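upload_8.pdb (PDB, C-alpha atoms and all ligand atoms)
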```pdb
ATOM      1  CA  MET L 218      37.808 -21.647  35.423  1.00  0.00           C
ATOM      2  CA  TRP L 219      36.857 -18.437  33.513  1.00  0.00           C
ATOM      3  CA  LYS L 220      38.150 -19.945  30.325  1.00  0.00           C
ATOM      4  CA  ASN L 221      35.840 -22.937  30.791  1.00  0.00           C
ATOM      5  CA  ILE L 222      32.874 -20.679  31.467  1.00  0.00           C
ATOM      6  CA  ARG L 223      33.638 -18.659  28.348  1.00  0.00           C
ATOM      7  CA  ILE L 224      33.842 -21.811  26.251  1.00  0.00           C
ATOM      8  CA  ALA L 225      30.624 -23.152  27.773  1.00  0.00           C
ATOM      9  CA  LEU L 226      28.843 -19.864  26.996  1.00  0.00           C
ATOM     10  CA  LEU L 227      30.114 -19.893  23.436  1.00  0.00           C
ATOM     11  CA  LEU L 228      28.930 -23.476  22.963  1.00  0.00           C
ATOM     12  CA  LEU L 229      25.553 -22.504  24.383  1.00  0.00           C
ATOM     13  CA  VAL L 230      25.202 -19.636  21.901  1.00  0.00           C
ATOM     14  CA  LEU L 231      26.240 -21.892  19.007  1.00  0.00           C
ATOM     15  CA  ALA L 232      23.756 -24.548  20.120  1.00  0.00           C
ATOM     16  CA  ALA L 233      20.984 -21.946  20.336  1.00  0.00           C
ATOM     17  CA  VAL L 234      21.786 -20.731  16.804  1.00  0.00           C
ATOM     18  CA  ALA L 235      21.783 -24.304  15.485  1.00  0.00           C
ATOM     19  CA  ILE L 236      18.492 -25.163  17.203  1.00  0.00           C
ATOM     20  CA  ASN L 237      16.965 -21.942  15.908  1.00  0.00           C
ATOM     21  CA  ALA L 238      18.024 -22.778  12.350  1.00  0.00           C
ATOM     22  CA  LEU L 239      16.606 -26.278  12.717  1.00  0.00           C
ATOM     23  CA  LEU L 240      13.275 -24.944  14.013  1.00  0.00           C
ATOM     24  CA  ASP L 241      13.138 -22.440  11.125  1.00  0.00           C
ATOM     25  CA  ARG L 242      13.733 -25.283   8.695  1.00  0.00           C
ATOM     26  CA  ILE L 243      10.993 -27.421  10.211  1.00  0.00           C
ATOM     27  CA  ALA L 244       8.578 -24.485  10.199  1.00  0.00           C
ATOM     28  CA  THR L 245       9.293 -23.477   6.605  1.00  0.00           C
ATOM     29  CA  GLN L 246       9.598 -26.910   5.025  1.00  0.00           C
ATOM     30  CA  GLY L 247       6.690 -28.693   6.726  1.00  0.00           C
ATOM     31  CA  TRP L 248       3.990 -27.288   4.404  1.00  0.00           C
ATOM     32  CA  LYS L 249       1.296 -27.962   6.984  1.00  0.00           C
ATOM     33  CA  ASP L 250       0.383 -24.343   7.757  1.00  0.00           C
ATOM     34  CA  THR L 251       0.281 -21.295   5.518  1.00  0.00           C
ATOM     35  CA  LEU L 252       3.690 -19.641   5.528  1.00  0.00           C
ATOM     36  CA  TRP L 253       3.401 -15.915   6.289  1.00  0.00           C
ATOM     37  CA  VAL L 254       5.702 -13.758   4.242  1.00  0.00           C
ATOM     38  CA  GLY L 255       5.998 -10.071   5.058  1.00  0.00           C
ATOM     39  CA  ILE L 256       6.656  -7.667   2.187  1.00  0.00           C
ATOM     40  CA  PHE L 257       8.353  -4.542   3.575  1.00  0.00           C
ATOM     41  CA  PRO L 258       8.487  -1.922   0.810  1.00  0.00           C
ATOM     42  CA  LEU L 259      11.188   0.745   0.871  1.00  0.00           C
ATOM     43  CA  ASN L 260      12.145   3.715  -1.255  1.00  0.00           C
ATOM     44  CA  GLY L 261      15.421   2.286  -2.584  1.00  0.00           C
ATOM     45  CA  ASP L 262      16.899   5.427  -4.172  1.00  0.00           C
ATOM     46  CA  GLY L 263      15.121   8.267  -2.379  1.00  0.00           C
ATOM     47  CA  THR L 264      13.517   9.568  -5.590  1.00  0.00           C
ATOM     48  CA  PRO L 265       9.988  11.061  -5.613  1.00  0.00           C
ATOM     49  CA  MET L 266       9.122   8.573  -8.366  1.00  0.00           C
ATOM     50  CA  ALA L 267       9.953   5.530  -6.209  1.00  0.00           C
ATOM     51  CA  GLN L 268       8.145   7.161  -3.267  1.00  0.00           C
ATOM     52  CA  HIS L 269       5.010   7.698  -5.340  1.00  0.00           C
ATOM     53  CA  TYR L 270       5.113   4.097  -6.515  1.00  0.00           C
ATOM     54  CA  VAL L 271       5.571   2.656  -3.012  1.00  0.00           C
ATOM     55  CA  GLU L 272       2.636   4.737  -1.736  1.00  0.00           C
ATOM     56  CA  GLY L 273       0.454   3.280  -4.477  1.00  0.00           C
ATOM     57  CA  LEU L 274       1.250  -0.370  -3.670  1.00  0.00           C
ATOM     58  CA  THR L 275      -1.682  -2.589  -2.667  1.00  0.00           C
ATOM     59  CA  ALA L 276      -2.028  -6.205  -1.490  1.00  0.00           C
ATOM     60  CA  GLU L 277      -3.321  -6.962  -4.992  1.00  0.00           C
ATOM     61  CA  ASP L 278       0.136  -6.251  -6.434  1.00  0.00           C
ATOM     62  CA  PHE L 279       1.522  -9.304  -4.629  1.00  0.00           C
ATOM     63  CA  SER L 280      -1.406 -11.740  -4.949  1.00  0.00           C
ATOM     64  CA  GLY L 281       0.345 -13.378  -7.918  1.00  0.00           C
ATOM     65  CA  ILE L 282       2.934 -14.749  -5.456  1.00  0.00           C
ATOM     66  CA  ASP L 283       0.273 -16.594  -3.402  1.00  0.00           C
ATOM     67  CA  GLU L 284      -1.286 -17.943  -6.609  1.00  0.00           C
ATOM     68  CA  PHE L 285       2.078 -19.102  -7.958  1.00  0.00           C
ATOM     69  CA  PHE L 286       2.982 -21.040  -4.802  1.00  0.00           C
ATOM     70  CA  ALA L 287      -0.506 -22.623  -4.586  1.00  0.00           C
ATOM     71  CA  ARG L 288      -0.580 -23.664  -8.243  1.00  0.00           C
ATOM     72  CA  GLU L 289       2.928 -25.142  -8.238  1.00  0.00           C
ATOM     73  CA  ALA L 290       2.628 -26.844  -4.830  1.00  0.00           C
ATOM     74  CA  HIS L 291      -0.613 -28.527  -5.906  1.00  0.00           C
ATOM     75  CA  ARG L 292       1.099 -29.741  -9.072  1.00  0.00           C
ATOM     76  CA  TYR L 293       3.511 -31.629  -6.774  1.00  0.00           C
ATOM     77  CA  GLY L 294       0.655 -33.023  -4.667  1.00  0.00           C
ATOM     78  CA  VAL L 295       1.173 -30.717  -1.652  1.00  0.00           C
ATOM     79  CA  ALA L 296      -2.211 -30.810   0.110  1.00  0.00           C
ATOM     80  CA  ILE L 297      -2.354 -27.399   1.844  1.00  0.00           C
ATOM     81  CA  GLU L 298      -4.695 -25.025   0.026  1.00  0.00           C
ATOM     82  CA  GLN L 299      -2.610 -21.883   0.530  1.00  0.00           C
ATOM     83  CA  PRO L 300       1.060 -22.736   1.106  1.00  0.00           C
ATOM     84  CA  VAL L 301       2.259 -19.100   1.106  1.00  0.00           C
ATOM     85  CA  HIS L 302       0.628 -15.810   1.966  1.00  0.00           C
ATOM     86  CA  ALA L 303       2.476 -12.628   1.059  1.00  0.00           C
ATOM     87  CA  GLU L 304       1.329  -9.773   3.288  1.00  0.00           C
ATOM     88  CA  LEU L 305       2.047  -6.129   2.496  1.00  0.00           C
ATOM     89  CA  TYR L 306       3.401  -4.144   5.455  1.00  0.00           C
ATOM     90  CA  PRO L 307       3.707  -0.340   5.754  1.00  0.00           C
ATOM     91  CA  GLN L 308       6.688   1.379   4.170  1.00  0.00           C
ATOM     92  CA  GLY L 309       9.841   1.370   6.269  1.00  0.00           C
ATOM     93  CA  SER L 310      12.088   4.395   6.679  1.00  0.00           C
ATOM     94  CA  GLU L 311      15.495   2.767   7.037  1.00  0.00           C
ATOM     95  CA  LEU L 312      17.346   0.861   4.301  1.00  0.00           C
ATOM     96  CA  PRO L 313      18.939  -2.526   5.074  1.00  0.00           C
ATOM     97  CA  PRO L 314      22.753  -2.732   5.275  1.00  0.00           C
ATOM     98  CA  ALA L 315      24.294  -2.994   1.817  1.00  0.00           C
ATOM     99  CA  LEU L 316      26.418  -5.940   0.790  1.00  0.00           C
ATOM    100  CA  ALA L 317      29.592  -4.903  -1.020  1.00  0.00           C
ATOM    101  CA  HIS L 318      29.845  -6.469  -4.462  1.00  0.00           C
ATOM    102  CA  ASP L 319      33.334  -7.824  -3.709  1.00  0.00           C
ATOM    103  CA  ALA L 320      32.556  -9.013  -0.159  1.00  0.00           C
ATOM    104  CA  GLY L 321      34.422 -12.214   0.727  1.00  0.00           C
ATOM    105  CA  PRO L 322      32.994 -15.010   2.894  1.00  0.00           C
ATOM    106  CA  LEU L 323      33.803 -13.037   6.056  1.00  0.00           C
ATOM    107  CA  GLY L 324      32.186  -9.902   4.644  1.00  0.00           C
ATOM    108  CA  VAL L 325      29.052 -11.879   3.780  1.00  0.00           C
ATOM    109  CA  ALA L 326      28.935 -13.396   7.289  1.00  0.00           C
ATOM    110  CA  TRP L 327      29.256  -9.941   8.863  1.00  0.00           C
ATOM    111  CA  TRP L 328      26.610  -8.525   6.525  1.00  0.00           C
ATOM    112  CA  SER L 329      24.181 -11.338   7.363  1.00  0.00           C
ATOM    113  CA  LEU L 330      24.614 -10.600  11.096  1.00  0.00           C
ATOM    114  CA  LYS L 331      23.934  -6.899  10.518  1.00  0.00           C
ATOM    115  CA  MET L 332      20.996  -7.896   8.321  1.00  0.00           C
ATOM    116  CA  ARG L 333      19.419  -9.965  11.111  1.00  0.00           C
ATOM    117  CA  TRP L 334      19.858  -7.101  13.541  1.00  0.00           C
ATOM    118  CA  PHE L 335      18.260  -4.722  11.061  1.00  0.00           C
ATOM    119  CA  ALA L 336      15.362  -7.112  10.330  1.00  0.00           C
ATOM    120  CA  ALA L 337      14.600  -7.644  14.004  1.00  0.00           C
ATOM    121  CA  HIS L 338      14.030  -3.899  14.432  1.00  0.00           C
ATOM    122  CA  ALA L 339      12.619  -2.893  11.064  1.00  0.00           C
ATOM    123  CA  THR L 340       9.764  -5.378  11.081  1.00  0.00           C
ATOM    124  CA  GLU L 341       8.089  -4.372  14.323  1.00  0.00           C
ATOM    125  CA  VAL L 342       4.727  -2.966  13.296  1.00  0.00           C
ATOM    126  CA  PRO L 343       2.321  -2.208  16.169  1.00  0.00           C
ATOM    127  CA  GLY L 344      -0.855  -4.261  15.940  1.00  0.00           C
ATOM    128  CA  ARG L 345       0.471  -6.515  13.196  1.00  0.00           C
ATOM    129  CA  ALA L 346       1.610 -10.100  13.719  1.00  0.00           C
ATOM    130  CA  PRO L 347       5.253 -10.596  12.734  1.00  0.00           C
ATOM    131  CA  PRO L 348       5.660 -12.709   9.582  1.00  0.00           C
ATOM    132  CA  ARG L 349       7.791 -15.864   9.503  1.00  0.00           C
ATOM    133  CA  ILE L 350       9.785 -14.643   6.507  1.00  0.00           C
ATOM    134  CA  ARG L 351      10.746 -11.007   6.017  1.00  0.00           C
ATOM    135  CA  LEU L 352      11.361  -9.618   2.552  1.00  0.00           C
ATOM    136  CA  PHE L 353      12.612  -6.054   2.141  1.00  0.00           C
ATOM    137  CA  VAL L 354      11.710  -4.788  -1.309  1.00  0.00           C
ATOM    138  CA  LEU L 355      13.696  -1.717  -2.375  1.00  0.00           C
ATOM    139  CA  TYR L 356      12.071   0.152  -5.248  1.00  0.00           C
ATOM    140  CA  HIS L 357      14.175   2.111  -7.711  1.00  0.00           C
ATOM    141  CA  ASP L 358      13.321   4.700 -10.353  1.00  0.00           C
ATOM    142  CA  PRO L 359      14.227   2.917 -13.623  1.00  0.00           C
ATOM    143  CA  ALA L 360      15.681   6.174 -14.964  1.00  0.00           C
ATOM    144  CA  THR L 361      18.427   6.162 -12.332  1.00  0.00           C
ATOM    145  CA  LEU L 362      19.857   2.772 -13.271  1.00  0.00           C
ATOM    146  CA  ASP L 363      19.729   0.253 -16.135  1.00  0.00           C
ATOM    147  CA  ARG L 364      20.033  -2.745 -13.893  1.00  0.00           C
ATOM    148  CA  VAL L 365      18.982  -3.033 -10.269  1.00  0.00           C
ATOM    149  CA  PRO L 366      21.590  -4.371  -7.805  1.00  0.00           C
ATOM    150  CA  ASP L 367      21.622  -8.100  -7.003  1.00  0.00           C
ATOM    151  CA  SER L 368      18.918  -9.378  -4.689  1.00  0.00           C
ATOM    152  CA  HIS L 369      19.603 -11.776  -1.827  1.00  0.00           C
ATOM    153  CA  GLY L 370      17.661 -14.411   0.060  1.00  0.00           C
ATOM    154  CA  LEU L 371      19.020 -15.903   3.291  1.00  0.00           C
ATOM    155  CA  GLN L 372      17.835 -19.285   4.517  1.00  0.00           C
ATOM    156  CA  LYS L 373      19.537 -18.665   7.842  1.00  0.00           C
ATOM    157  CA  GLY L 374      17.504 -15.841   9.332  1.00  0.00           C
ATOM    158  CA  LEU L 375      14.658 -16.157   6.810  1.00  0.00           C
ATOM    159  CA  ILE L 376      15.355 -12.709   5.364  1.00  0.00           C
ATOM    160  CA  GLY L 377      15.427 -11.482   1.792  1.00  0.00           C
ATOM    161  CA  VAL L 378      16.487  -8.220   0.165  1.00  0.00           C
ATOM    162  CA  VAL L 379      14.905  -7.602  -3.217  1.00  0.00           C
ATOM    163  CA  HIS L 380      15.699  -4.758  -5.594  1.00  0.00           C
ATOM    164  CA  ALA L 381      12.732  -3.911  -7.801  1.00  0.00           C
ATOM    165  CA  PHE L 382      11.718  -1.336 -10.403  1.00  0.00           C
ATOM    166  CA  ALA L 383       9.164   1.302  -9.399  1.00  0.00           C
ATOM    167  CA  LEU L 384       7.078   0.736 -12.525  1.00  0.00           C
ATOM    168  CA  SER L 385       3.634  -0.876 -12.913  1.00  0.00           C
ATOM    169  CA  ALA L 386       4.758  -2.569 -16.115  1.00  0.00           C
ATOM    170  CA  MET L 387       7.498  -4.308 -14.104  1.00  0.00           C
ATOM    171  CA  ALA L 388       5.206  -5.515 -11.299  1.00  0.00           C
ATOM    172  CA  GLY L 389       5.030  -9.001 -12.858  1.00  0.00           C
ATOM    173  CA  SER L 390       8.780  -9.424 -13.175  1.00  0.00           C
ATOM    174  CA  ASN L 391       9.294  -7.862  -9.716  1.00  0.00           C
ATOM    175  CA  ASN L 392       7.121 -10.685  -8.371  1.00  0.00           C
ATOM    176  CA  ILE L 393       9.364 -13.226 -10.114  1.00  0.00           C
ATOM    177  CA  VAL L 394      12.378 -11.769  -8.290  1.00  0.00           C
ATOM    178  CA  ILE L 395      10.462 -11.723  -4.976  1.00  0.00           C
ATOM    179  CA  ALA L 396       9.367 -15.373  -5.411  1.00  0.00           C
ATOM    180  CA  HIS L 397      12.956 -16.320  -6.362  1.00  0.00           C
ATOM    181  CA  GLU L 398      14.444 -14.774  -3.199  1.00  0.00           C
ATOM    182  CA  LEU L 399      11.637 -16.262  -1.115  1.00  0.00           C
ATOM    183  CA  MET L 400      12.591 -19.661  -2.553  1.00  0.00           C
ATOM    184  CA  HIS L 401      16.200 -19.066  -1.381  1.00  0.00           C
ATOM    185  CA  THR L 402      14.989 -18.542   2.189  1.00  0.00           C
ATOM    186  CA  LEU L 403      13.202 -21.909   1.887  1.00  0.00           C
ATOM    187  CA  GLY L 404      16.423 -23.635   0.844  1.00  0.00           C
ATOM    188  CA  ALA L 405      16.337 -23.526  -2.958  1.00  0.00           C
ATOM    189  CA  SER L 406      19.557 -22.938  -4.909  1.00  0.00           C
ATOM    190  CA  ASP L 407      20.227 -20.929  -8.084  1.00  0.00           C
ATOM    191  CA  LYS L 408      19.878 -22.761 -11.408  1.00  0.00           C
ATOM    192  CA  TYR L 409      21.466 -20.305 -13.783  1.00  0.00           C
ATOM    193  CA  ASP L 410      25.025 -19.607 -14.851  1.00  0.00           C
ATOM    194  CA  LEU L 411      26.282 -16.939 -12.436  1.00  0.00           C
ATOM    195  CA  GLY L 412      28.508 -15.454 -15.150  1.00  0.00           C
ATOM    196  CA  SER L 413      26.148 -15.196 -18.115  1.00  0.00           C
ATOM    197  CA  GLY L 414      22.771 -15.512 -16.407  1.00  0.00           C
ATOM    198  CA  ALA L 415      21.789 -18.349 -18.759  1.00  0.00           C
ATOM    199  CA  PRO L 416      19.466 -21.054 -17.362  1.00  0.00           C
ATOM    200  CA  LEU L 417      21.364 -24.256 -16.571  1.00  0.00           C
ATOM    201  CA  TYR L 418      20.326 -27.328 -18.500  1.00  0.00           C
ATOM    202  CA  PRO L 419      18.435 -29.425 -17.458  1.00  0.00           C
ATOM    203  CA  LEU L 420      17.686 -28.208 -13.884  1.00  0.00           C
ATOM    204  CA  GLY L 421      17.009 -24.581 -14.833  1.00  0.00           C
ATOM    205  CA  PHE L 422      14.612 -25.454 -17.662  1.00  0.00           C
ATOM    206  CA  ALA L 423      10.827 -25.541 -17.206  1.00  0.00           C
ATOM    207  CA  GLU L 424      10.540 -28.274 -19.827  1.00  0.00           C
ATOM    208  CA  PRO L 425      13.928 -29.974 -20.241  1.00  0.00           C
ATOM    209  CA  ASP L 426      12.371 -32.760 -22.357  1.00  0.00           C
ATOM    210  CA  ARG L 427      10.600 -30.451 -24.752  1.00  0.00           C
ATOM    211  CA  GLU L 428      11.106 -31.117 -28.497  1.00  0.00           C
ATOM    212  CA  PRO L 429      12.359 -28.962 -29.967  1.00  0.00           C
ATOM    213  CA  LEU L 430      14.094 -27.756 -26.816  1.00  0.00           C
ATOM    214  CA  TYR L 431      13.995 -24.068 -27.911  1.00  0.00           C
ATOM    215  CA  PRO L 432      12.266 -21.789 -27.355  1.00  0.00           C
ATOM    216  CA  GLN L 433      11.180 -22.662 -23.835  1.00  0.00           C
ATOM    217  CA  VAL L 434       7.680 -21.312 -23.145  1.00  0.00           C
ATOM    218  CA  ARG L 435       8.157 -20.933 -19.393  1.00  0.00           C
ATOM    219  CA  ALA L 436      11.005 -20.314 -16.963  1.00  0.00           C
ATOM    220  CA  GLU L 437      12.081 -22.278 -13.903  1.00  0.00           C
ATOM    221  CA  ILE L 438      11.861 -20.050 -10.788  1.00  0.00           C
ATOM    222  CA  MET L 439      15.494 -20.558  -9.674  1.00  0.00           C
ATOM    223  CA  ALA L 440      16.768 -19.850 -13.198  1.00  0.00           C
ATOM    224  CA  GLY L 441      14.459 -16.838 -13.499  1.00  0.00           C
ATOM    225  CA  ARG L 442      14.738 -16.764 -17.290  1.00  0.00           C
ATOM    226  CA  ARG L 443      13.502 -18.926 -20.126  1.00  0.00           C
ATOM    227  CA  ALA L 444      15.866 -20.000 -22.868  1.00  0.00           C
ATOM    228  CA  LEU L 445      14.812 -18.824 -26.330  1.00  0.00           C
ATOM    229  CA  SER L 446      17.796 -20.426 -28.028  1.00  0.00           C
ATOM    230  CA  ARG L 447      21.179 -21.737 -26.978  1.00  0.00           C
ATOM    231  CA  GLN L 448      22.436 -18.149 -26.434  1.00  0.00           C
ATOM    232  CA  ASP L 449      19.314 -16.101 -25.799  1.00  0.00           C
ATOM    233  CA  PHE L 450      17.162 -16.020 -22.719  1.00  0.00           C
ATOM    234  CA  GLU L 451      14.656 -13.620 -21.171  1.00  0.00           C
ATOM    235  CA  MET L 452      12.644 -13.068 -18.032  1.00  0.00           C
ATOM    236  CA  PRO L 453       8.917 -13.752 -18.547  1.00  0.00           C
ATOM    237  CA  GLN L 454       6.295 -11.041 -17.918  1.00  0.00           C
ATOM    238  CA  GLY L 455       5.120 -12.604 -14.702  1.00  0.00           C
ATOM    239  CA  LEU L 456       4.762 -15.690 -12.516  1.00  0.00           C
ATOM    240  CA  ARG L 457       2.087 -17.146 -14.815  1.00  0.00           C
ATOM    241  CA  ASP L 458       4.907 -18.255 -17.082  1.00  0.00           C
ATOM    242  CA  VAL L 459       7.157 -19.586 -14.312  1.00  0.00           C
ATOM    243  CA  VAL L 460       7.248 -23.088 -12.839  1.00  0.00           C
ATOM    244  CA  VAL L 461       8.975 -24.830  -9.948  1.00  0.00           C
ATOM    245  CA  GLY L 462      11.224 -27.502 -11.439  1.00  0.00           C
ATOM    246  CA  SER L 463      11.628 -30.925  -9.878  1.00  0.00           C
ATOM    247  CA  ALA L 464      15.086 -30.139  -8.402  1.00  0.00           C
ATOM    248  CA  THR L 465      13.741 -27.009  -6.669  1.00  0.00           C
ATOM    249  CA  ALA L 466      10.646 -28.896  -5.457  1.00  0.00           C
ATOM    250  CA  LEU L 467      12.968 -31.434  -3.834  1.00  0.00           C
ATOM    251  CA  GLU L 468      15.101 -28.711  -2.189  1.00  0.00           C
ATOM    252  CA  ILE L 469      12.098 -27.065  -0.527  1.00  0.00           C
ATOM    253  CA  ARG L 470      10.641 -30.482   0.448  1.00  0.00           C
ATOM    254  CA  TRP L 471       7.577 -30.434  -1.752  1.00  0.00           C
ATOM    255  CA  THR L 472       8.826 -33.867  -2.809  1.00  0.00           C
ATOM    256  CA  ARG L 473      10.999 -36.459  -1.060  1.00  0.00           C
ATOM    257  CA  PRO L 474      14.059 -38.166  -2.480  1.00  0.00           C
TER     258      PRO L 474
HETATM  259 ZN    ZN N 501      19.217 -16.529  -6.632  1.00  0.00          ZN
END
```

Would you mind giving the structure from this file in C-alpha cells?
Amino acid sequence: MWKNIRIALLLLVLAAVAINALLDRIATQGWKDTLWVGIFPLNGDGTPMAQHYVEGLTAEDFSGIDEFFAREAHRYGVAIEQPVHAELYPQGSELPPALAHDAGPLGVAWWSLKMRWFAAHATEVPGRAPPRIRLFVLYHDPATLDRVPDSHGLQKGLIGVVHAFALSAMAGSNNIVIAHELMHTLGASDKYDLGSGAPLYPLGFAEPDREPLYPQVRAEIMAGRRALSRQDFEMPQGLRDVVVGSATALEIRWTRP
C-alpha cells in the first residue's frame, strides 16, 4: 500500500517536471510574445573594481542583445518586432552554486537542482515582474584572472550563469557570451570544438559558402568565434559581427524542418 503511494507520488512529481519543461519550451520557442530575460548582475570575485563596474551598469549596456535578436529573427522571417527583451535587475548579494570543473553527469544534475533552488530565491525583486529566463552575470576584475570560468545555460529551468569581465571595453564581447548562454536556454547547441575552441565547419561558420572561406567576417553565435584561418579564430568586438546560423535558427524554432 505505502509502496504504491510512494511510487504514485514519484510519478506525479516526474509528470509535473515533464509538463513544466514542455510548457517552458512552448513559451520560449513560440516567438509570439516578447521573451523577458532578466539580467542579474553579481560581483563575481568580491573586488572593489568589479563592484564599481556593477554599480555603473545601465540598461543601455545590454540593449545590443535586444537588437541582435530582433535583427537575426527578422532575417529568418520571424514576425514579432521585439523577440527578446533583456531587463537589468538590481545587483544580487549571493553567488550561484559553483559547478566543479570535473563534475560527472550526477554532479551536473545535482548542481542544476541547486541552481534552480538558488534562482527561485535570488530573483525575487519586490515590485518587479519575474522574467521568464534568468541570467546571472558574474563580473570579474580582469587583473585577477586571464580567462573567466566557463559559462552555462540550462534549457531545463531556463537559467544561465555567465562569467564576464568588469571592463567597459569588454562590454561587447560580454554581450556575445550572454546571448550565447541565452541561446542555450532556448535549446541551441554549441558549434565549436570543445577542445580547441575552433568554430565547427560548416555549422559554426557565419558564411560557410564564402570564397575564399578565410577570413570569416562574422561569427556564428553558438561558435562564438570567427575563423581567421584554418588554425586561428577570435571573438568579435560585439554582437554586430555575430549571426544566428541556419542550424541554430532551426534549434530555437525560428525555422521549421
Ligand atoms: Zn555554449

Exercise. What do you get as a ChimeraX atom specification if you pick all residues at most 7 Å from ligand ZN 501 (chain N), counting all atoms listed in the file?
Worked result: /L:369,397-398,401,406-407,439

For this session: Find the residue from L:Ile297, L:Leu371, L:Val234, L:Ala244 that sits nearest to Trp328 (chain L); use all atoms listed in the file when measuring.
Result: L:Leu371

I'd like the contact shell of Ser329 (chain L) - 9 Å cut-off, all atoms listed in the file, skipping same-chain residues fewer than 5 positions apart - returned as a PDB file with C-alpha atoms, keeping the file's coordinate frame.
```
ATOM      1  CA  PRO L 314      22.753  -2.732   5.275  1.00  0.00           C
ATOM      2  CA  LEU L 316      26.418  -5.940   0.790  1.00  0.00           C
ATOM      3  CA  GLY L 324      32.186  -9.902   4.644  1.00  0.00           C
ATOM      4  CA  TRP L 334      19.858  -7.101  13.541  1.00  0.00           C
ATOM      5  CA  LEU L 371      19.020 -15.903   3.291  1.00  0.00           C
ATOM      6  CA  LYS L 373      19.537 -18.665   7.842  1.00  0.00           C
ATOM      7  CA  GLY L 374      17.504 -15.841   9.332  1.00  0.00           C
TER       8      GLY L 374
END
```

For this session: Extract, using only C-alpha atoms, all DNA, RNA and protein residues at most 6 Å from region 456-469 of chain L, discarding same-chain residues fewer than 3 positions from it, and format them as a PyMOL selection string.
Result: chain L and resi 393+403-405+435-438+472

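Shortest atom-to-atom contact with Asp363 (chain L) among L:Asp410, L:Gly273, L:Arg351, L:Phe382: L:Phe382, counting only C-alpha atoms.
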
Problem set entry | Residue with smallest distance to Tyr306 (chain L) - pool L:Thr340, L:Pro322, L:Leu227, L:Phe285, counting only C-alpha atoms |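 Comparing L:Thr340, L:Pro322, L:Leu227, L:Phe285 against Tyr306 (chain L), the winner is L:Thr340.
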
For this session: Can you give me, as JSON, numbers by chain, the residues this file yields under the PyMOL selection byres (((chain L and resi 344-350) around 7) and not hetatm)?
Result: {"L": [252, 253, 254, 255, 342, 343, 351, 352, 375, 376]}

Problem set entry | Which of L:Val378, L:Ser390, L:Leu362, L:Met266 sits closest to Thr402 (chain L) [using all atoms listed in the file] | L:Val378

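Using all atoms listed in the file, the shortest contact distance between Gln268 (chain L) and any of L:Ala225, L:Leu355, L:Ala423, L:Val365 is found at L:Leu355.
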
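One distance worth recording is that between CA of Thr264 (chain L) and CA of Ile395 (chain L), which is 21.5 Å.
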
I'd like to see the residues matched by the PyMOL selection byres (((chain L and resi 288) around 10) and not hetatm) on this file, and ideally I'd get them as a JSON list (two decimals) with C-alpha atoms, keeping the file's coordinate frame.
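Wrote it out as expr11.json, contents follow:
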```
[["chain", "number", "residue", "atom", "x", "y", "z"],
["L", 282, "ILE", "CA", 2.93, -14.75, -5.46],
["L", 283, "ASP", "CA", 0.27, -16.59, -3.40],
["L", 284, "GLU", "CA", -1.29, -17.94, -6.61],
["L", 285, "PHE", "CA", 2.08, -19.10, -7.96],
["L", 286, "PHE", "CA", 2.98, -21.04, -4.80],
["L", 287, "ALA", "CA", -0.51, -22.62, -4.59],
["L", 289, "GLU", "CA", 2.93, -25.14, -8.24],
["L", 290, "ALA", "CA", 2.63, -26.84, -4.83],
["L", 291, "HIS", "CA", -0.61, -28.53, -5.91],
["L", 292, "ARG", "CA", 1.10, -29.74, -9.07],
["L", 293, "TYR", "CA", 3.51, -31.63, -6.77],
["L", 295, "VAL", "CA", 1.17, -30.72, -1.65],
["L", 298, "GLU", "CA", -4.70, -25.02, 0.03],
["L", 299, "GLN", "CA", -2.61, -21.88, 0.53],
["L", 300, "PRO", "CA", 1.06, -22.74, 1.11],
["L", 457, "ARG", "CA", 2.09, -17.15, -14.82],
["L", 460, "VAL", "CA", 7.25, -23.09, -12.84],
["L", 461, "VAL", "CA", 8.98, -24.83, -9.95]]
```

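Restricting the calculation to only C-alpha atoms, the smallest distance between Ala388 (chain L) and any of L:Gly441, L:Pro307, L:Pro366, L:Gly281 is found for L:Gly281.
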
For this session: Please indicate the distance in Å from CA of Lys408 (chain L) to CA of Val394 (chain L), rounded to one decimal place.
Result: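 Computing the Euclidean distance for CA of Lys408 (chain L) and CA of Val394 (chain L) yields 13.7 Å.
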
Mind telling me what the PyMOL selection byres (((chain L and resi 311) around 12) and not hetatm) catches here, as a CSV table (one decimal) with C-alpha atoms, in the coordinates of the input?
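Dumped to part_19.csv:
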```
chain,number,residue,atom,x,y,z
L,257,PHE,CA,8.4,-4.5,3.6
L,258,PRO,CA,8.5,-1.9,0.8
L,259,LEU,CA,11.2,0.7,0.9
L,260,ASN,CA,12.1,3.7,-1.3
L,261,GLY,CA,15.4,2.3,-2.6
L,262,ASP,CA,16.9,5.4,-4.2
L,263,GLY,CA,15.1,8.3,-2.4
L,308,GLN,CA,6.7,1.4,4.2
L,309,GLY,CA,9.8,1.4,6.3
L,310,SER,CA,12.1,4.4,6.7
L,312,LEU,CA,17.3,0.9,4.3
L,313,PRO,CA,18.9,-2.5,5.1
L,314,PRO,CA,22.8,-2.7,5.3
L,315,ALA,CA,24.3,-3.0,1.8
L,335,PHE,CA,18.3,-4.7,11.1
L,336,ALA,CA,15.4,-7.1,10.3
L,338,HIS,CA,14.0,-3.9,14.4
L,339,ALA,CA,12.6,-2.9,11.1
L,340,THR,CA,9.8,-5.4,11.1
L,353,PHE,CA,12.6,-6.1,2.1
L,354,VAL,CA,11.7,-4.8,-1.3
L,355,LEU,CA,13.7,-1.7,-2.4
```
